[in-house]
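A.B. asks: So that we are looking at the same thing, I have put the structure below in structure tokens.
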Amino acid sequence: MTLLNETEKVYFLIDLLDRHMKKLPNDSPISNYLESILGFLKTKDPILQEAAISNSVLLINNLPQSTFDTNDLISYLERYIAELEIELKNDPSNDFLKGKIKGIKHAVVMARMIRQGSRSQGEGIDVIID
């Protein structure tokens with residue numbers, strides 16, 4: 001993969017989110033969250049962009065309160081990792097895929113932490129990475 005300019009990155013991300021949303025259950029908070037981000041990326045209208053960001057912040061803030069939806073996210077990410085690992089078997093020297101798998105594995109760990117926090121304390125936990 002060659003380096004992408006800013007416009008190409010946005011188009012790549014739009015396509016990637018479209019493909020991911022097709023794999024998620026309809027009307028789940030995760031698919032609603034991704035749809036908000038997608039709406040932000042697709043529009044040039046500042047009012048619609050602001051609404052999409054506000055909606056996505058609201059959805060992500062409510063995510064820790066829903067164990068079922070967190071389980072959906074974990075399940076999806078684990079399936080995606082399995083797909084990428086199959087791809088990596090065909091191209092074991094692909095550093096981009098290795099990095100992608102590593103990043104998604106970190107996301108799975110964080111989602112599990114959120115799920116565990118909501119089970120044991122009744123509240124989610126905050127994860128800050130710097």
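Chain identifiers are assigned as A, B, and so on, following the order in which chains appear in the structure tokens; residues are numbered from 1 within each chain, and ligands are numbered from 1 in order of appearance.
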Residues at most 10 Å from Tyr11 (chain A), counting only C-alpha atoms, excluding those fewer than 6 positions away in the same chain, as a count of residues only?

C.D. replies: 3

A.B. asks: Just want the 8 Å neighbourhood of region 50-58 of chain A, counted on only C-alpha atoms, with same-chain residues fewer than 6 positions away dropped. Output as JSON, numbers by chain.

C.D. replies: {"A": [32, 33, 34, 36, 37, 39, 40]}

A.B. asks: At what distance in Å, to one decimal, does CA of Lys23 (chain A) lie from CA of Ser75 (chain A)?

C.D. replies: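 So the two atoms, CA of Ser75 (chain A) and CA of Lys23 (chain A), lie 11.0 Å apart.
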
A.B. asks: Could you tell me how far CA of Leu73 (chain A) sits from CA of Ala107 (chain A), in Å to one decimal place?

C.D. replies: 9.5 Å

A.B. asks: Go through chain A and collect every residue that DSSP, computed from the backbone, puts in alpha helix (DSSP H); the answer should be as a PyMOL selection string.

C.D. replies: chain A and resi 6-23+29-42+46-62+67-90+95-120

A.B. asks: Smallest atom-to-atom distance to Thr70 (chain A): which of A:Lys44, A:Lys9, A:Arg112, A:Lys89, using only C-alpha atoms?

C.D. replies: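 Once distances to Thr70 (chain A) are computed over only C-alpha atoms, the minimum belongs to A:Arg112.
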
A.B. asks: Using only C-alpha atoms, which protein or nucleic acid residues come within 8 Å of region 86-88 of chain A? Drop anything in the same chain fewer than 4 positions from it, and give the result as a list in words.

C.D. replies: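 Using only C-alpha atoms, the neighbours found are Ala82, Pro92, Ser93, Asn94, Leu97 and Lys98 of chain A.
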